[in-house]
Amino acid sequence: MQKQFLLLVCLFFLGITFGTAQWTQKKGTGYYKLGAWFLEANQHYTDKGLLDPNATRGIFVTSLYGRHGITDKITLVGYIPFTRVYQNEQIFTSGNPGQPGEAVNSFGDIDLAVEVQILKRPKWVLATSLTLGIPSGNNTGGSDGSYQTGDGEFNQILKVLVGTSFKIAKHSFYAKGSVGVNNRSNGYSDEIRLGFETGSQVFKNKFLLLVRLNTILSFYNGSLSAENSNGSIFANNVEVTNLGGEINYFLTKKWSASFGYSIPLSGKNIYKAPALAGGIAYKL
Amino acid sequence: MGQKFQFTAKYFDTSGTPVDNPNLIWTVSPPDALTIDDNGFATATKDGLATIQVSIVTALGTTISAKTSFPVREVVTVITETATMTTDSGTTTTTSDTNTSTIDSSTATSTLTDTSTTTTRVSDTSTSTSDPDSTTNTSTTTEVEEVVVTETATMTTDSGTTTTTTTTTTTTTDPDSTTSTSTPTVDDDVVVTAPQSYQGTIQTTSSYKLTGSYEYGLNDAGQLVLDIAGNYEASTALPGLYVYLSNNPNSTSGSYEIGEVTVFNGAHSYTLPSSVDISDYKYILYWFKPFNVKVGDSTIF
């Protein structure tokens, strides 16, 4: 449910952070980011991909993201979120009973990953990564168990990433794509993850502008549902296609600030709401 | 002066128990045909067809009623005729005939295609006295007219409740009086009988799948049961889906929470406590609790 949703959004914003990083770090270098993202949703995609209303819920995540090259070809990645899930008090003038406000604050699911550079050529790079989703969040938060900051399951995401650089009208661009499989445990459906990103540095390389398109497709092979007493919203079979953009401003050669915006274009079992992100990054 | 009527009505709850001192509401149509007080005592104020309706607002806020129509007359007509005849022999004969009539209509109608019968019996009594020693011969004729009106009004409310009122009105003229009293007797009081079960279909009000037939009523053990049929299907993507009984199709305010939905396909049933009466709630609601939104519903009655 929500936990699942959180996981997805985390991964999307992981993608944002990756956007300013190299494919893999050189030995002894690193990229570290203090970031936050936020959304508030009053509608969601149903299991049929249609939009239905819901009590407005919000998610605010503050996170630490870091990647460090232990060799020229191997980079370790970590993502530690601290999540607040909330719902404001509902008051109706129509006589319909409202709902009291509620919030849960806790660590979310931590992601640990290793990236390995497989091939590197002047114009393109091939790499792979393995991400482990640690169930460190709260998957039973709130009075009804739906205020979750983690999914309570162990994810293993294996990805293949390809990147290239090119020029259009003498202006340099980069593009990269990824294909991944998320093997999920505890009865969750496995997933395919597709990603595409392109960007360019502009204004004397003071800004990096990028756009990103991410898709998650479900294998629908999980067993969890409301039928077997899984107490979470959007418990399984989550799908979404998300379009986002990001502006990075290089304050110095080592420090940068970023602002991102993303919105789901379609989905199933997931909130329909734009997300805003921001952060401060340091390049070692 | 007009005809006077005393109407009574009783209200029975769904268990068949008469309710003491029900808050009955009497209304008249047309309004100027009768005056009626809170006790059902009515006086005709004009000639014509009048309709009396008695209503009661139940605890659920629904209104049930029964009504009956009948002809009324405002003024009792007293006709006294005296004829004086003088014979050739000089004898004078005086005849006095007094006729008091209240209802001269031979038919009575009732709204809602009620059955109405009217019987009229007229008996004449004539006495004649003749005194040979007298030159006066007096003859008196008394005409008695009795009208019996039996009316049965049947009305079916929106909830399927049938209300029947049978009223018998007997009117007898009294030649010695300038007034006439007509008192209807209510043979069968207003009886409210609720059905023992309802059948319906659950329908989605959202984008989530939710459909199925049900029967809501008492089982053999006298327990109130919501039986969901085998054609029931609900989306399994909604953990936190609850089913309610409510009197508002769009709110769980004042509703009875049956419980969380744990069956998403096929027949199942919910047994309700004895504190819930079959007529207490008009709607079944399926409510997605975490998001506080309705997913589906059905109108019971």
# chains A, B, ... in the order shown; residues from 1 in each chain; ligands from 1
call {"tool": "interface_residues", "arguments": {"of": "chain B", "to": "chain A", "cutoff": "7 Å", "atoms": "only C-alpha atoms", "output": "list of chain:residue names"}}
result
B:Ser206, B:Ser207, B:Tyr208, B:Thr236, B:Ala237, B:Leu238, B:Pro239, B:Gly240, B:Ser251, B:Thr252, B:Ser253, B:Thr262, B:Val263, B:Phe264, B:Pro290, B:Phe291, B:Asn292, B:Val293
call {"tool": "residues_around", "arguments": {"residues": "Ala234 (chain B)", "least_positions_apart": "4", "cutoff": "10 Å", "atoms": "only C-alpha atoms", "output": "PDB file with N, CA and C atoms, in the first residue's frame"}}
result
ATOM      1  N   GLU A 227      -7.543  -9.532   0.537  1.00  0.00           N
ATOM      2  CA  GLU A 227      -8.225 -10.799   0.786  1.00  0.00           C
ATOM      3  C   GLU A 227      -7.509 -11.643   1.828  1.00  0.00           C
TER       4      GLU A 227
ATOM      5  N   GLN B 203     -23.918  -2.195  -5.522  1.00  0.00           N
ATOM      6  CA  GLN B 203     -23.319  -1.630  -6.727  1.00  0.00           C
ATOM      7  C   GLN B 203     -22.152  -0.731  -6.348  1.00  0.00           C
ATOM      8  N   THR B 204     -21.187  -0.686  -7.213  1.00  0.00           N
ATOM      9  CA  THR B 204     -20.038   0.171  -6.942  1.00  0.00           C
ATOM     10  C   THR B 204     -20.404   1.623  -7.188  1.00  0.00           C
ATOM     11  N   TYR B 208     -13.648   0.993  -8.214  1.00  0.00           N
ATOM     12  CA  TYR B 208     -13.318  -0.351  -7.743  1.00  0.00           C
ATOM     13  C   TYR B 208     -14.480  -1.299  -8.011  1.00  0.00           C
ATOM     14  N   LYS B 209     -14.129  -2.519  -8.306  1.00  0.00           N
ATOM     15  CA  LYS B 209     -15.162  -3.502  -8.583  1.00  0.00           C
ATOM     16  C   LYS B 209     -15.896  -3.852  -7.302  1.00  0.00           C
ATOM     17  N   LEU B 210     -17.195  -3.810  -7.356  1.00  0.00           N
ATOM     18  CA  LEU B 210     -18.021  -4.190  -6.213  1.00  0.00           C
ATOM     19  C   LEU B 210     -19.420  -4.451  -6.732  1.00  0.00           C
ATOM     20  N   THR B 211     -19.842  -5.678  -6.667  1.00  0.00           N
ATOM     21  CA  THR B 211     -21.163  -6.031  -7.169  1.00  0.00           C
ATOM     22  C   THR B 211     -21.634  -7.295  -6.484  1.00  0.00           C
ATOM     23  N   GLY B 212     -22.931  -7.479  -6.455  1.00  0.00           N
ATOM     24  CA  GLY B 212     -23.478  -8.700  -5.876  1.00  0.00           C
ATOM     25  C   GLY B 212     -24.885  -8.497  -5.351  1.00  0.00           C
ATOM     26  N   LEU B 238      -8.353  -3.194  -1.820  1.00  0.00           N
ATOM     27  CA  LEU B 238      -8.825  -2.239  -0.821  1.00  0.00           C
ATOM     28  C   LEU B 238      -8.768  -2.811   0.591  1.00  0.00           C
ATOM     29  N   LEU B 241     -11.586  -1.968   3.780  1.00  0.00           N
ATOM     30  CA  LEU B 241     -12.955  -1.787   3.286  1.00  0.00           C
ATOM     31  C   LEU B 241     -13.929  -2.302   4.350  1.00  0.00           C
ATOM     32  N   VAL B 261     -14.582  -5.855   5.652  1.00  0.00           N
ATOM     33  CA  VAL B 261     -14.823  -6.848   4.611  1.00  0.00           C
ATOM     34  C   VAL B 261     -13.626  -7.803   4.554  1.00  0.00           C
ATOM     35  N   VAL B 263     -14.280 -11.031   2.963  1.00  0.00           N
ATOM     36  CA  VAL B 263     -14.604 -11.910   1.842  1.00  0.00           C
ATOM     37  C   VAL B 263     -14.793 -11.041   0.605  1.00  0.00           C
ATOM     38  N   PHE B 264     -14.090 -11.365  -0.436  1.00  0.00           N
ATOM     39  CA  PHE B 264     -14.104 -10.525  -1.630  1.00  0.00           C
ATOM     40  C   PHE B 264     -14.689 -11.245  -2.842  1.00  0.00           C
ATOM     41  N   ASN B 265     -15.122 -12.469  -2.623  1.00  0.00           N
ATOM     42  CA  ASN B 265     -15.703 -13.217  -3.735  1.00  0.00           C
ATOM     43  C   ASN B 265     -16.606 -14.303  -3.163  1.00  0.00           C
ATOM     44  N   GLY B 266     -17.824 -14.373  -3.673  1.00  0.00           N
ATOM     45  CA  GLY B 266     -18.705 -15.462  -3.293  1.00  0.00           C
ATOM     46  C   GLY B 266     -19.611 -15.154  -2.125  1.00  0.00           C
ATOM     47  N   VAL B 295     -17.260   3.398  -1.440  1.00  0.00           N
ATOM     48  CA  VAL B 295     -16.881   2.589  -2.592  1.00  0.00           C
ATOM     49  C   VAL B 295     -18.117   2.022  -3.279  1.00  0.00           C
ATOM     50  N   GLY B 296     -19.142   1.685  -2.496  1.00  0.00           N
ATOM     51  CA  GLY B 296     -20.346   1.128  -3.081  1.00  0.00           C
ATOM     52  C   GLY B 296     -21.500   1.221  -2.107  1.00  0.00           C
TER      53      GLY B 296
END
call {"tool": "closest_residue", "arguments": {"among": "A:Ile91, A:Val238, A:Val202, A:Val125", "to": "Trp23 (chain A)", "atoms": "only C-alpha atoms"}}
result
A:Val125
call {"tool": "atom_distance", "arguments": {"atom1": "CA of Ala9 (chain B)", "atom2": "CA of Leu24 (chain B)"}}
result
8.0 Å
call {"tool": "select_by_dssp", "arguments": {"residues": "region 221-262 of chain A", "states": "strand (DSSP E)", "output": "list of chain:residue names"}}
result
A:Glu239, A:Val240, A:Thr241, A:Asn242, A:Leu243, A:Gly244, A:Gly245, A:Glu246, A:Ile247, A:Asn248, A:Tyr249, A:Phe250, A:Trp255, A:Ser256, A:Ala257, A:Ser258, A:Phe259, A:Gly260, A:Tyr261, A:Ser262
call {"tool": "atom_distance", "arguments": {"atom1": "CA of Tyr249 (chain A)", "atom2": "CA of Lys283 (chain A)"}}
result
13.0 Å
call {"tool": "atom_distance", "arguments": {"atom1": "CA of Ser275 (chain B)", "atom2": "CA of Gly230 (chain B)"}}
result
27.3 Å
call {"tool": "residues_around", "arguments": {"residues": "Asp72 (chain A)", "least_positions_apart": "3", "cutoff": "8 Å", "atoms": "only C-alpha atoms", "output": "ChimeraX atom specification"}}
result
/A:24-27,69,75
call {"tool": "residues_around", "arguments": {"residues": "Val28 (chain B)", "least_positions_apart": "5", "cutoff": "8 Å", "atoms": "only C-alpha atoms", "output": "number ranges by chain"}}
result
B: 33-36, 50-53
call {"tool": "write_last_selection", "arguments": {"atoms": "C-alpha atoms", "output": "mmCIF file, in the first residue's frame"}}
result
data_model
loop_
_atom_site.group_PDB
_atom_site.id
_atom_site.type_symbol
_atom_site.label_atom_id
_atom_site.label_comp_id
_atom_site.auth_asym_id
_atom_site.auth_seq_id
_atom_site.Cartn_x
_atom_site.Cartn_y
_atom_site.Cartn_z
ATOM 1 C CA ALA B 33 -63.809 21.126 4.048
ATOM 2 C CA LEU B 34 -63.375 20.206 7.681
ATOM 3 C CA THR B 35 -61.833 21.378 10.842
ATOM 4 C CA ILE B 36 -60.051 18.710 12.810
ATOM 5 C CA ALA B 50 -63.253 15.625 2.041
ATOM 6 C CA THR B 51 -60.125 13.624 2.570
ATOM 7 C CA ILE B 52 -58.753 12.929 5.990
ATOM 8 C CA GLN B 53 -55.132 11.800 6.209
#
call {"tool": "residues_around", "arguments": {"residues": "Leu285 (chain B)", "least_positions_apart": "2", "cutoff": "10 Å", "atoms": "only C-alpha atoms", "output": "PDB file with N, CA and C atoms, in the first residue's frame"}}
result
ATOM      1  N   ILE B 202     -25.892  -4.896  -4.535  1.00  0.00           N
ATOM      2  CA  ILE B 202     -24.809  -3.984  -4.172  1.00  0.00           C
ATOM      3  C   ILE B 202     -24.165  -3.483  -5.464  1.00  0.00           C
ATOM      4  N   GLN B 203     -23.918  -2.195  -5.522  1.00  0.00           N
ATOM      5  CA  GLN B 203     -23.319  -1.630  -6.727  1.00  0.00           C
ATOM      6  C   GLN B 203     -22.152  -0.731  -6.348  1.00  0.00           C
ATOM      7  N   THR B 204     -21.187  -0.686  -7.213  1.00  0.00           N
ATOM      8  CA  THR B 204     -20.038   0.171  -6.942  1.00  0.00           C
ATOM      9  C   THR B 204     -20.404   1.623  -7.188  1.00  0.00           C
ATOM     10  N   THR B 205     -19.835   2.492  -6.403  1.00  0.00           N
ATOM     11  CA  THR B 205     -19.963   3.928  -6.625  1.00  0.00           C
ATOM     12  C   THR B 205     -18.585   4.535  -6.874  1.00  0.00           C
ATOM     13  N   TYR B 242     -14.890  -1.464   4.707  1.00  0.00           N
ATOM     14  CA  TYR B 242     -15.854  -1.815   5.747  1.00  0.00           C
ATOM     15  C   TYR B 242     -17.266  -1.729   5.184  1.00  0.00           C
ATOM     16  N   VAL B 243     -18.160  -2.489   5.817  1.00  0.00           N
ATOM     17  CA  VAL B 243     -19.560  -2.456   5.410  1.00  0.00           C
ATOM     18  C   VAL B 243     -20.382  -1.886   6.566  1.00  0.00           C
ATOM     19  N   TYR B 244     -21.322  -1.023   6.207  1.00  0.00           N
ATOM     20  CA  TYR B 244     -22.133  -0.311   7.195  1.00  0.00           C
ATOM     21  C   TYR B 244     -23.615  -0.432   6.829  1.00  0.00           C
ATOM     22  N   LEU B 245     -24.452  -0.239   7.841  1.00  0.00           N
ATOM     23  CA  LEU B 245     -25.871   0.037   7.635  1.00  0.00           C
ATOM     24  C   LEU B 245     -26.081   1.499   7.997  1.00  0.00           C
ATOM     25  N   SER B 246     -26.757   2.221   7.120  1.00  0.00           N
ATOM     26  CA  SER B 246     -26.859   3.662   7.338  1.00  0.00           C
ATOM     27  C   SER B 246     -28.210   4.162   6.851  1.00  0.00           C
ATOM     28  N   ASN B 247     -28.576   5.319   7.334  1.00  0.00           N
ATOM     29  CA  ASN B 247     -29.767   5.984   6.814  1.00  0.00           C
ATOM     30  C   ASN B 247     -29.420   7.146   5.901  1.00  0.00           C
ATOM     31  N   ASN B 248     -28.160   7.336   5.679  1.00  0.00           N
ATOM     32  CA  ASN B 248     -27.703   8.358   4.736  1.00  0.00           C
ATOM     33  C   ASN B 248     -26.854   7.647   3.676  1.00  0.00           C
ATOM     34  N   PRO B 249     -27.250   7.754   2.422  1.00  0.00           N
ATOM     35  CA  PRO B 249     -26.505   7.008   1.396  1.00  0.00           C
ATOM     36  C   PRO B 249     -25.094   7.519   1.177  1.00  0.00           C
ATOM     37  N   ASN B 250     -24.787   8.662   1.737  1.00  0.00           N
ATOM     38  CA  ASN B 250     -23.467   9.245   1.489  1.00  0.00           C
ATOM     39  C   ASN B 250     -22.670   9.500   2.752  1.00  0.00           C
ATOM     40  N   SER B 251     -23.089   8.891   3.838  1.00  0.00           N
ATOM     41  CA  SER B 251     -22.404   9.176   5.095  1.00  0.00           C
ATOM     42  C   SER B 251     -22.506   7.982   6.029  1.00  0.00           C
ATOM     43  N   THR B 252     -21.490   7.818   6.836  1.00  0.00           N
ATOM     44  CA  THR B 252     -21.540   6.797   7.879  1.00  0.00           C
ATOM     45  C   THR B 252     -21.963   7.413   9.208  1.00  0.00           C
ATOM     46  N   SER B 255     -24.417   5.603  11.586  1.00  0.00           N
ATOM     47  CA  SER B 255     -24.582   4.280  10.973  1.00  0.00           C
ATOM     48  C   SER B 255     -24.186   3.175  11.946  1.00  0.00           C
ATOM     49  N   TYR B 256     -24.457   1.963  11.527  1.00  0.00           N
ATOM     50  CA  TYR B 256     -24.014   0.794  12.274  1.00  0.00           C
ATOM     51  C   TYR B 256     -22.908   0.116  11.468  1.00  0.00           C
ATOM     52  N   GLU B 257     -21.756  -0.017  12.082  1.00  0.00           N
ATOM     53  CA  GLU B 257     -20.625  -0.650  11.391  1.00  0.00           C
ATOM     54  C   GLU B 257     -20.724  -2.164  11.550  1.00  0.00           C
ATOM     55  N   ILE B 258     -20.981  -2.837  10.450  1.00  0.00           N
ATOM     56  CA  ILE B 258     -21.064  -4.295  10.513  1.00  0.00           C
ATOM     57  C   ILE B 258     -19.680  -4.890  10.713  1.00  0.00           C
ATOM     58  N   LYS B 282     -31.739   2.114   6.059  1.00  0.00           N
ATOM     59  CA  LYS B 282     -32.251   2.049   4.691  1.00  0.00           C
ATOM     60  C   LYS B 282     -31.177   1.717   3.658  1.00  0.00           C
ATOM     61  N   TYR B 283     -29.920   1.853   4.036  1.00  0.00           N
ATOM     62  CA  TYR B 283     -28.872   1.682   3.037  1.00  0.00           C
ATOM     63  C   TYR B 283     -27.758   0.765   3.555  1.00  0.00           C
ATOM     64  N   TRP B 287     -17.492   1.196   2.632  1.00  0.00           N
ATOM     65  CA  TRP B 287     -16.710   2.399   2.916  1.00  0.00           C
ATOM     66  C   TRP B 287     -15.237   2.037   3.051  1.00  0.00           C
ATOM     67  N   PHE B 288     -14.398   2.761   2.316  1.00  0.00           N
ATOM     68  CA  PHE B 288     -12.949   2.547   2.396  1.00  0.00           C
ATOM     69  C   PHE B 288     -12.421   3.424   3.522  1.00  0.00           C
ATOM     70  N   LYS B 294     -16.662   6.500   0.114  1.00  0.00           N
ATOM     71  CA  LYS B 294     -17.585   5.419  -0.203  1.00  0.00           C
ATOM     72  C   LYS B 294     -17.135   4.705  -1.462  1.00  0.00           C
ATOM     73  N   VAL B 295     -17.260   3.398  -1.440  1.00  0.00           N
ATOM     74  CA  VAL B 295     -16.881   2.589  -2.592  1.00  0.00           C
ATOM     75  C   VAL B 295     -18.117   2.022  -3.279  1.00  0.00           C
ATOM     76  N   GLY B 296     -19.142   1.685  -2.496  1.00  0.00           N
ATOM     77  CA  GLY B 296     -20.346   1.128  -3.081  1.00  0.00           C
ATOM     78  C   GLY B 296     -21.500   1.221  -2.107  1.00  0.00           C
ATOM     79  N   ASP B 297     -22.708   0.929  -2.611  1.00  0.00           N
ATOM     80  CA  ASP B 297     -23.863   0.985  -1.729  1.00  0.00           C
ATOM     81  C   ASP B 297     -25.023   0.201  -2.300  1.00  0.00           C
ATOM     82  N   SER B 298     -26.090   0.148  -1.534  1.00  0.00           N
ATOM     83  CA  SER B 298     -27.342  -0.422  -1.995  1.00  0.00           C
ATOM     84  C   SER B 298     -28.459   0.144  -1.138  1.00  0.00           C
ATOM     85  N   THR B 299     -29.586   0.390  -1.771  1.00  0.00           N
ATOM     86  CA  THR B 299     -30.762   0.841  -1.038  1.00  0.00           C
ATOM     87  C   THR B 299     -31.569  -0.370  -0.606  1.00  0.00           C
TER      88      THR B 299
END
